[in-house]
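Written below as structure tokens is the structure these notes are about.
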Amino acid sequence: MNHYETVFILNPVLSEEQIKETVKKYEDLLTENGAKMVAKEDWGLKKLAYPIQHKKSGFYHLFEYTVSGEVINKLEILFRRDERIMRYLTVSLDKHAISWAERRRVKLKQKA
């Protein structure tokens with residue numbers, strides 16, 4: 001089981017309900033394939049550095065999870081096929097990135 005982090009950007013024209021439905025779809029896909037969710041974050045609507053599909057903003061979401069590598073391929077194929085997903089990035093976390101992510105989550109909890 002490897003530790004991964006996926007950030008994806010959803011189309012800004014989606015309704016609140018469509019966003020929740022899309023995030024739930026991918027979260028369920030991961031858990032059905034044996035992933036253990038470590039953290040989920042909704043970063044909200046953010047301005048993009050450059051236009052993507054003629055859009056200047058998007059809804060950012062982050063998943064941090066542990067899963068075997070074969071599942072990542074399934075996830076990314078579905079991301080490519082889904083018109084609601086504008087961009088995505090999945091990275092494998094090493095021990096330093098994992099500890100940094102834990103410290104970041106602790107800081108976020110203290111602010112809340």
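Labels for the structure tokens follow display order: chains A, B, ..., residues from 1 in each chain, ligands from 1.
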Which parts of chain A does DSSP call helix (DSSP H, G or I) when run on the backbone here, written out as a PyMOL selection string? chain A and resi 16-32+69-81+95-111
Give me the residues within 12 Å of Lys20 of chain A as a list in words, counting only C-alpha atoms and dropping any in the same chain fewer than 6 places off. Leu10, Leu14, Tyr26, Glu27, Asp28, Asp42, Gly44, Phe59, His61 and Arg84 of chain A
My list of candidates is A:Lys95, A:Lys56, A:Arg104, A:Lys25. Which is closest to Glu41 of chain A when distances are computed with only C-alpha atoms? A:Arg104
Could you check the closest approach to Thr66 of chain A for each of A:Lys40, A:His96, A:Lys47, A:His3 and tell me which residue wins, using only C-alpha atoms? A:His3
Looking at A:Thr90, A:Ser68, A:Asn73, A:Gln110, which one is nearest to Glu5 of chain A, with distances taken over only C-alpha atoms?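 Selected residue with least distance to Glu5 of chain A: A:Thr90.
Residue nearest Arg87 of chain A within the list A:Met37, A:Ile52, A:Met1, A:Leu29: A:Ile52 [criterion: smallest interatomic distance, only C-alpha atoms].
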State, in Å with one decimal place, the distance from atom CA of Val7 of chain A to atom CA of Tyr60 of chain A. 7.0 Å
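Ranking A:Leu75, A:Val106, A:Ala35, A:Ala112 by their shortest atom-to-atom distance to Asn2 of chain A, with only C-alpha atoms included, puts A:Ala35 first.
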Return the single residue from A:Ser99, A:Thr6, A:Thr22, A:Thr31 that is closest to Phe63 of chain A, with distances computed using only C-alpha atoms. A:Thr6
